[in-house]
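So this block is upload26.json, JSON, C-alpha atoms:
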[["chain", "number", "residue", "atom", "x", "y", "z"],
["B", 1, "MET", "CA", -3.55, -97.11, 133.36],
["B", 2, "LEU", "CA", -0.13, -96.79, 131.71],
["B", 3, "VAL", "CA", -1.54, -94.62, 128.94],
["B", 4, "LYS", "CA", -1.30, -91.58, 131.22],
["B", 5, "HIS", "CA", 2.48, -91.71, 130.94],
["B", 6, "TYR", "CA", 3.66, -90.09, 127.76],
["B", 7, "HIS", "CA", 7.29, -91.18, 127.79],
["B", 8, "PHE", "CA", 7.80, -93.39, 124.75],
["B", 9, "SER", "CA", 9.60, -96.18, 126.61],
["B", 10, "VAL", "CA", 6.69, -96.62, 129.04],
["B", 11, "LEU", "CA", 4.25, -96.61, 126.14],
["B", 12, "MET", "CA", 6.34, -99.23, 124.30],
["B", 13, "ALA", "CA", 6.38, -101.38, 127.43],
["B", 14, "ALA", "CA", 2.60, -101.05, 127.80],
["B", 15, "MET", "CA", 2.00, -102.06, 124.18],
["B", 16, "ASP", "CA", 4.38, -105.02, 124.54],
["B", 17, "THR", "CA", 2.66, -106.13, 127.74],
["B", 18, "VAL", "CA", -0.80, -106.02, 126.18],
["B", 19, "SER", "CA", 0.46, -107.89, 123.13],
["B", 20, "ARG", "CA", 2.27, -110.51, 125.18],
["B", 21, "TYR", "CA", -0.73, -111.24, 127.41],
["B", 22, "GLN", "CA", -3.30, -110.79, 124.66],
["B", 23, "THR", "CA", -4.67, -114.32, 124.99],
["B", 24, "LEU", "CA", -5.48, -113.62, 128.65],
["B", 25, "LEU", "CA", -6.91, -110.15, 128.02],
["B", 26, "LEU", "CA", -9.17, -110.90, 125.05],
["B", 27, "PRO", "CA", -11.84, -112.76, 127.05],
["B", 28, "LEU", "CA", -12.07, -109.83, 129.50],
["B", 29, "LYS", "CA", -14.41, -107.45, 127.68],
["B", 30, "GLU", "CA", -13.97, -104.75, 130.31],
["B", 31, "THR", "CA", -10.29, -104.36, 129.36],
["B", 32, "HIS", "CA", -10.83, -103.96, 125.60],
["B", 33, "TYR", "CA", -11.23, -100.17, 125.70],
["B", 34, "SER", "CA", -8.16, -99.71, 127.90],
["B", 35, "CYS", "CA", -6.04, -101.92, 125.65],
["B", 36, "LEU", "CA", -7.21, -100.15, 122.52],
["B", 37, "SER", "CA", -6.51, -96.77, 124.10],
["B", 38, "ILE", "CA", -2.90, -97.80, 124.73],
["B", 39, "PHE", "CA", -2.46, -98.62, 121.05],
["B", 40, "MET", "CA", -4.20, -95.40, 120.01],
["B", 41, "GLU", "CA", -1.81, -93.45, 122.22],
["B", 42, "GLY", "CA", 1.02, -95.26, 120.46],
["B", 43, "LEU", "CA", -0.38, -94.29, 117.06],
["B", 44, "ASN", "CA", -0.29, -90.66, 118.19],
["B", 45, "GLY", "CA", 3.23, -91.01, 119.60],
["B", 46, "SER", "CA", 5.97, -88.58, 118.74],
["B", 47, "LYS", "CA", 8.50, -91.25, 117.74],
["B", 48, "GLN", "CA", 8.22, -93.18, 114.49],
["B", 49, "ARG", "CA", 9.33, -96.41, 116.15],
["B", 50, "VAL", "CA", 6.40, -96.18, 118.59],
["B", 51, "ARG", "CA", 3.91, -95.49, 115.80],
["B", 52, "GLU", "CA", 5.17, -98.42, 113.70],
["B", 53, "LYS", "CA", 4.99, -100.81, 116.64],
["B", 54, "ALA", "CA", 1.50, -99.55, 117.49],
["B", 55, "VAL", "CA", 0.27, -100.30, 113.97],
["B", 56, "THR", "CA", 1.61, -103.85, 114.08],
["B", 57, "LEU", "CA", 0.38, -104.65, 117.58],
["B", 58, "LEU", "CA", -2.99, -102.95, 117.07],
["B", 59, "SER", "CA", -3.69, -104.99, 113.95],
["B", 60, "ARG", "CA", -2.80, -108.17, 115.83],
["B", 61, "TYR", "CA", -5.05, -107.18, 118.75],
["B", 62, "VAL", "CA", -8.00, -106.29, 116.53],
["B", 63, "ALA", "CA", -7.63, -109.58, 114.64],
["B", 64, "GLY", "CA", -7.65, -111.35, 117.98],
["B", 65, "LEU", "CA", -10.81, -109.51, 119.01],
["B", 66, "LYS", "CA", -12.49, -110.47, 115.78],
["B", 67, "GLU", "CA", -11.53, -114.13, 115.88],
["B", 68, "ASN", "CA", -10.57, -114.47, 119.54],
["B", 69, "VAL", "CA", -7.34, -116.09, 118.31],
["B", 70, "VAL", "CA", -3.97, -114.38, 118.09],
["B", 71, "PRO", "CA", -2.89, -114.65, 114.43],
["B", 72, "PHE", "CA", 0.58, -116.04, 115.14],
["B", 73, "GLN", "CA", -1.01, -118.78, 117.28],
["B", 74, "GLN", "CA", -3.39, -119.89, 114.52],
["B", 75, "GLY", "CA", -1.03, -122.67, 113.42],
["B", 76, "ILE", "CA", -0.78, -124.00, 116.96],
["B", 77, "LEU", "CA", -4.55, -123.97, 117.31],
["B", 78, "GLU", "CA", -5.02, -125.87, 114.03],
["B", 79, "ALA", "CA", -2.46, -128.49, 115.08],
["B", 80, "VAL", "CA", -4.25, -129.03, 118.40],
["B", 81, "GLN", "CA", -7.61, -129.35, 116.64],
["B", 82, "VAL", "CA", -6.21, -131.94, 114.22],
["B", 83, "ALA", "CA", -4.68, -133.92, 117.10],
["B", 84, "ALA", "CA", -7.97, -133.79, 119.02],
["B", 85, "ALA", "CA", -9.92, -134.98, 115.98],
["B", 86, "ARG", "CA", -7.52, -137.90, 115.47],
["B", 87, "ARG", "CA", -7.80, -138.85, 119.12],
["B", 88, "ARG", "CA", -11.61, -138.92, 118.88],
["B", 89, "GLU", "CA", -11.45, -141.11, 115.77],
["B", 90, "ALA", "CA", -9.14, -143.63, 117.43]]

Go ahead and express the file in the form of structure tokens.
Amino acid sequence: MLVKHYHFSVLMAAMDTVSRYQTLLLPLKETHYSCLSIFMEGLNGSKQRVREKAVTLLSRYVAGLKENVVPFQQGILEAVQVAAARRREA
């Protein structure tokens, strides 16, 4: 995967891609190790910017694994659940 490339810009792009498509990747259990290894490579990166981004994106990914919901989408999910409950009541 992209983790084999050690140039920081490729690593940043890989972390961004995993984060952007997290909702599609979380249900695929076979990709979890590969995604986590990208973030771990970022944590070990030589540039501070890469390490900081890895911390942020890794915490978001792990929270998504735990709850299967991306934290910044929690509000959207709650709004949909409320709308669905109202529709059932009506």

Mind pulling up the distance from CA of Ile38 (chain B) to CA of Ala14 (chain B)?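 CA of Ile38 (chain B) lies at a distance of 7.1 Å from CA of Ala14 (chain B).
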
Just the number, please: distance in Å from CA of Leu28 (chain B) to CA of Glu67 (chain B), one decimal.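 Going from CA of Leu28 (chain B) over to CA of Glu67 (chain B) covers 14.3 Å.
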
Show me the residues close to (-1.2, -103.6, 125.5) - anything with an atom within 9 Å, counting only C-alpha atoms - and format the list as number ranges by chain. B: 11-22, 34-39, 57-58, 61

What's the separation between CA of Pro27 (chain B) and CA of Lys66 (chain B), in Å to one decimal place? 11.5 Å

Near region 50-52 of chain B, within 10 Å and counting all atoms listed in the file, which residues show up once chain neighbours fewer than 2 positions away are dropped, as a ChimeraX atom specification? /B:8-9,11-12,15,39-48,54-58

Counting only C-alpha atoms, the residue among B:Arg86, B:Arg49, B:Tyr33, B:Thr23 that lies closest to Gly64 (chain B) is B:Thr23
